[in-house]
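Asks: Structure in structure tokens, see below.
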Amino acid sequence: VTIPTRLTERFDIKHPIVVASMTPASAGTLVSAVAAAGGLGLLGGGYVDRAWFEAESAKVTRLDVGAAFITWSIPDDPGLLDIALERHPRAMMLSFSNPGPYAARIKKAGAPLICQVHTLDHAFQAVDAGAEMVVAQGAEAGGHGLALRSTMPFVPSVVDALATRAPDVLVLAAGAITDGRSLAASLMLGADGVLMDTTFLATREARFPDAAKVKAMAASLWPPSHTGRIMRNDLVEKWSGYERKLEGVRTDEVGTIGRALQIDDVETANLIPTAGDLINRIVAEASRMLMKFTPTPGARPMADAERPFRLGSQQ
Ligand SMILES: Cc1cc2nc3c(=O)[nH]c(=O)nc-3n(C[C@H](O)[C@H](O)[C@H](O)COP(=O)(O)O)c2cc1C
């Protein structure tokens with residue numbers, strides 16, 4: 001299953017999914033796995049940590065990954081941006097301050113510039129600097145942000161503003177995009193794809209402690225009146241009906257699950273997915289959701305002028 005969009009066409013990738021820049025989890029193994037599964041992975045250069053960047057870029061097994069830096073950190077080691085650019089990254093993402101001072105270097109190196117933006121002014125600043133893609137990040141996003149506007153209203157406002165001012169600039173939605181439904185919703189809001197990060201923390205390839213992955217997978221804001229469904233295994237049998245008691249030993253049991261994961265003991269731990277499995281699951285789900293809205297035979301096709309979103313050139 002594929003969902004072609006301007007992002008997949010422009011970057012010649014299979015799926016409109018970017019996984020990027022989580023410091024330190026978006027390391028070589030994760031971004032390579034994302035690229036192998038048909039997405040775009042950006043190595044998280046974060047706070048220009050040269051040793052980390054050297055070690056992790058050596059683990060990158062594919063030529064089609066990009067890199068990312070926190071813009072205001074670049075002066076701490078300005079040479080690292082050049083080192084990264086010499087490796088011909090698929091794209092270079094800058095976040096959290098004016099990309100202007102670095103845009104020309106990035107463009108000269110032939111890497112498309114991606115900028116993470118949190119306000120419309122940031123979006124205009126990014127396109128004026130020459131960004132080819134902006135990541136419209138809503139307040140729900142993991143990591144740092146401005147927490148000004150939620151993803152749902154912010155993404156279409158960036159899409160609309162750039163449609164006239166910079167129509168060739170791609171827009172990604174970011175912030176609590178967690179599954180196929182939110183990928184489909186993002187495309188309906190007019191985004192060309194999504195940037196998803198927190199969801200990929202709980203994949204086998206993320207550089208993140210297993211116990212923390214288990215915690216992330218189990219994390220829930222659900223009130224006690226709502227149920228959850230997981231695969232039945234020995235651990236589930238052991239604690240079914242004793243959930244209150246489990247609360248008291250939760251930390252110990254998370255440790256037990258972490259150890260079980262390392263030896264693929266599925267009777268104790270429901271397995272953490274690989275990045276590739278996750279991408280395939282998300283895209284298949286999004287595709288099913290989008291198919292629900294294909295026009296009924298005989299329906300009048302929507303005129304371009306009426307179309308609030310752009311899915312791909314075949315649309
Ligand atoms: C653990 C973690 C570390 C992050 N580190 C960075 C970073 O170094 N640079 C950056 O631009 N964004 C960073 N982010 C933000 C992500 O790139 C992304 O924009 C955001 O997490 C998307 O929202 P989501 O987590 O809801 O998918 C980080 C996010 C997380 C969860």
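In the structure tokens, the first chain shown is A, the next is B, and so on; residue numbers restart at 1 for each chain, and ligands run from 1 in the order shown.
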Check every protein, DNA and RNA residue against ligand 1, keep those with an atom at most 10 Å away (counting only C-alpha atoms and all ligand atoms), and present them as a PDB file with C-alpha atoms, in the first residue's frame.

Replies:
```pdb
ATOM      1  CA  VAL A  18       9.328  11.512   8.152  1.00  0.00           C
ATOM      2  CA  VAL A  19      10.962  10.384  11.397  1.00  0.00           C
ATOM      3  CA  ALA A  20      13.433  12.957  12.573  1.00  0.00           C
ATOM      4  CA  SER A  21      15.808  14.485  14.902  1.00  0.00           C
ATOM      5  CA  MET A  22      14.896  13.138  18.338  1.00  0.00           C
ATOM      6  CA  THR A  23      17.971  13.618  20.453  1.00  0.00           C
ATOM      7  CA  PRO A  24      19.370  10.994  21.041  1.00  0.00           C
ATOM      8  CA  ALA A  25      16.814   8.413  19.865  1.00  0.00           C
ATOM      9  CA  SER A  26      16.820   9.212  16.118  1.00  0.00           C
ATOM     10  CA  LEU A  42      16.695  12.387   9.567  1.00  0.00           C
ATOM     11  CA  LEU A  43      19.642  11.709  11.854  1.00  0.00           C
ATOM     12  CA  GLY A  44      19.171  13.732  15.024  1.00  0.00           C
ATOM     13  CA  GLY A  45      22.254  15.891  15.268  1.00  0.00           C
ATOM     14  CA  GLY A  46      20.583  17.834  18.086  1.00  0.00           C
ATOM     15  CA  TYR A  47      22.961  20.002  20.062  1.00  0.00           C
ATOM     16  CA  VAL A  48      25.857  19.551  17.592  1.00  0.00           C
ATOM     17  CA  ALA A  68      18.877  17.682  11.594  1.00  0.00           C
ATOM     18  CA  PHE A  69      20.310  20.234  13.997  1.00  0.00           C
ATOM     19  CA  ILE A  70      18.950  22.610  16.604  1.00  0.00           C
ATOM     20  CA  THR A  71      19.692  25.901  14.855  1.00  0.00           C
ATOM     21  CA  MET A  93      16.333  20.082   8.990  1.00  0.00           C
ATOM     22  CA  LEU A  94      16.844  23.091  11.261  1.00  0.00           C
ATOM     23  CA  SER A  95      14.659  23.819  14.285  1.00  0.00           C
ATOM     24  CA  PHE A  96      13.980  26.450  16.905  1.00  0.00           C
ATOM     25  CA  CYS A 115      12.435  23.973   8.917  1.00  0.00           C
ATOM     26  CA  GLN A 116      10.377  23.127  11.949  1.00  0.00           C
ATOM     27  CA  VAL A 117       7.938  26.013  12.590  1.00  0.00           C
ATOM     28  CA  HIS A 118       5.591  26.834  15.456  1.00  0.00           C
ATOM     29  CA  VAL A 135       7.133  21.135   9.577  1.00  0.00           C
ATOM     30  CA  ALA A 136       4.040  22.744  11.097  1.00  0.00           C
ATOM     31  CA  GLN A 137       4.350  21.575  14.677  1.00  0.00           C
ATOM     32  CA  GLY A 138       1.411  21.879  17.020  1.00  0.00           C
ATOM     33  CA  ALA A 139       1.394  22.183  20.776  1.00  0.00           C
ATOM     34  CA  GLU A 140       0.834  18.447  21.264  1.00  0.00           C
ATOM     35  CA  ALA A 141       4.280  17.562  19.931  1.00  0.00           C
ATOM     36  CA  GLY A 142       6.823  15.694  22.010  1.00  0.00           C
ATOM     37  CA  GLY A 143      10.075  17.429  22.861  1.00  0.00           C
ATOM     38  CA  HIS A 144      10.450  21.200  22.861  1.00  0.00           C
ATOM     39  CA  GLY A 145       8.011  23.596  21.244  1.00  0.00           C
ATOM     40  CA  THR A 151      -1.819  20.661  15.435  1.00  0.00           C
ATOM     41  CA  ALA A 173       2.058  18.018  10.035  1.00  0.00           C
ATOM     42  CA  ALA A 174       3.679  17.249  13.404  1.00  0.00           C
ATOM     43  CA  GLY A 175       2.408  16.889  16.944  1.00  0.00           C
ATOM     44  CA  ALA A 176       0.612  13.797  18.223  1.00  0.00           C
ATOM     45  CA  ILE A 177       0.482  12.104  14.821  1.00  0.00           C
ATOM     46  CA  THR A 178       0.468   8.561  16.119  1.00  0.00           C
ATOM     47  CA  VAL A 194       3.703  13.886   8.546  1.00  0.00           C
ATOM     48  CA  LEU A 195       6.646  14.035  10.887  1.00  0.00           C
ATOM     49  CA  MET A 196       6.182  11.504  13.695  1.00  0.00           C
ATOM     50  CA  ASP A 197       8.587  11.071  16.531  1.00  0.00           C
ATOM     51  CA  THR A 198       7.275  10.049  19.945  1.00  0.00           C
ATOM     52  CA  THR A 199       5.506   7.060  18.362  1.00  0.00           C
ATOM     53  CA  PHE A 200       8.826   5.828  16.985  1.00  0.00           C
ATOM     54  CA  LEU A 201      10.510   5.998  20.397  1.00  0.00           C
ATOM     55  CA  PHE A 208      16.209   4.469  23.902  1.00  0.00           C
TER      56      PHE A 208
END
```

Asks: In segment 92-192 of chain A, what's helix (DSSP H, G or I) per DSSP? Answer as a VMD selection string?

Replies: chain A and resid 100 to 108 120 to 129 151 to 165 180 to 188

Asks: Tell me which protein, DNA and RNA residues are within 10 Å of Ile114 of chain A, counting only C-alpha atoms, leaving out same-chain ones fewer than 6 positions away, and put them as a PyMOL selection string.

Replies: chain A and resi 67-68+91-95+99+103+126-127+130-135+169-172

Asks: Using N, CA, C and O atoms, can you export the residues from the last selection as a short mmCIF file (atom, residue, chain, number, x, y, z; two decimals), in the first residue's frame?

Replies:
```cif
data_model
loop_
_atom_site.label_atom_id
_atom_site.label_comp_id
_atom_site.auth_asym_id
_atom_site.auth_seq_id
_atom_site.Cartn_x
_atom_site.Cartn_y
_atom_site.Cartn_z
N ALA A 67 19.68 14.75 7.85
CA ALA A 67 20.19 15.08 9.18
C ALA A 67 19.44 16.30 9.69
O ALA A 67 18.71 16.96 8.95
N ALA A 68 19.60 16.56 10.98
CA ALA A 68 18.88 17.68 11.59
C ALA A 68 19.72 18.26 12.72
O ALA A 68 20.43 17.53 13.41
N ALA A 91 18.26 15.50 3.13
CA ALA A 91 17.68 16.80 3.49
C ALA A 91 18.36 17.25 4.78
O ALA A 91 18.96 16.44 5.49
N MET A 92 18.28 18.56 5.05
CA MET A 92 18.82 19.08 6.31
C MET A 92 17.70 19.83 7.02
O MET A 92 17.11 20.76 6.46
N MET A 93 17.39 19.39 8.25
CA MET A 93 16.33 20.08 8.99
C MET A 93 16.94 20.96 10.08
O MET A 93 17.85 20.54 10.80
N LEU A 94 16.43 22.18 10.19
CA LEU A 94 16.84 23.09 11.26
C LEU A 94 15.61 23.45 12.09
O LEU A 94 14.53 23.65 11.54
N SER A 95 15.80 23.53 13.40
CA SER A 95 14.66 23.82 14.28
C SER A 95 15.00 24.88 15.30
O SER A 95 16.14 24.98 15.75
N PRO A 99 16.64 30.16 10.47
CA PRO A 99 17.57 29.34 9.67
C PRO A 99 18.41 30.17 8.72
O PRO A 99 19.35 29.67 8.10
N ALA A 103 21.14 28.94 5.60
CA ALA A 103 20.38 28.46 4.44
C ALA A 103 21.24 28.39 3.17
O ALA A 103 21.17 27.42 2.42
N ALA A 126 10.99 30.93 7.35
CA ALA A 126 11.62 29.74 6.76
C ALA A 126 11.56 29.80 5.24
O ALA A 126 12.57 29.56 4.57
N VAL A 127 10.39 30.14 4.68
CA VAL A 127 10.31 30.14 3.21
C VAL A 127 11.12 31.29 2.63
O VAL A 127 11.75 31.15 1.59
N GLY A 130 14.47 30.22 2.15
CA GLY A 130 14.69 29.22 1.08
C GLY A 130 14.31 27.80 1.46
O GLY A 130 14.73 26.85 0.78
N ALA A 131 13.53 27.63 2.53
CA ALA A 131 13.14 26.26 2.92
C ALA A 131 12.29 25.63 1.82
O ALA A 131 11.45 26.30 1.21
N GLU A 132 12.53 24.35 1.59
CA GLU A 132 11.71 23.62 0.61
C GLU A 132 10.56 22.89 1.29
O GLU A 132 9.64 22.41 0.64
N MET A 133 10.65 22.79 2.62
CA MET A 133 9.59 22.10 3.34
C MET A 133 9.54 22.68 4.75
O MET A 133 10.59 22.96 5.35
N VAL A 134 8.32 22.88 5.27
CA VAL A 134 8.21 23.30 6.67
C VAL A 134 7.44 22.23 7.43
O VAL A 134 6.55 21.59 6.89
N VAL A 135 7.83 22.06 8.69
CA VAL A 135 7.13 21.13 9.58
C VAL A 135 6.27 21.99 10.49
O VAL A 135 6.79 22.72 11.34
N VAL A 169 6.40 25.07 -1.64
CA VAL A 169 6.96 24.59 -0.37
C VAL A 169 6.02 23.54 0.23
O VAL A 169 4.82 23.75 0.34
N LEU A 170 6.61 22.40 0.59
CA LEU A 170 5.80 21.31 1.17
C LEU A 170 5.55 21.58 2.64
O LEU A 170 6.35 22.24 3.31
N VAL A 171 4.43 21.05 3.14
CA VAL A 171 4.09 21.22 4.56
C VAL A 171 3.91 19.84 5.18
O VAL A 171 3.17 19.00 4.65
N LEU A 172 4.61 19.61 6.28
CA LEU A 172 4.39 18.38 7.06
C LEU A 172 3.62 18.74 8.32
O LEU A 172 3.84 19.80 8.90
#
```

Asks: Select from segment 127-217 of chain A everything DSSP, run on the backbone, classes as strand (DSSP E or B), then give the selection as number ranges by chain.

Replies: A: 133-137, 170-174, 193-195

Asks: May I ask which of the residues A:Pro209, A:Trp239, A:Leu187, A:Phe124 is the closest one to Thr164 of chain A, counting only C-alpha atoms?

Replies: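 Among A:Pro209, A:Trp239, A:Leu187, A:Phe124, it is A:Phe124 that comes nearest to Thr164 of chain A.
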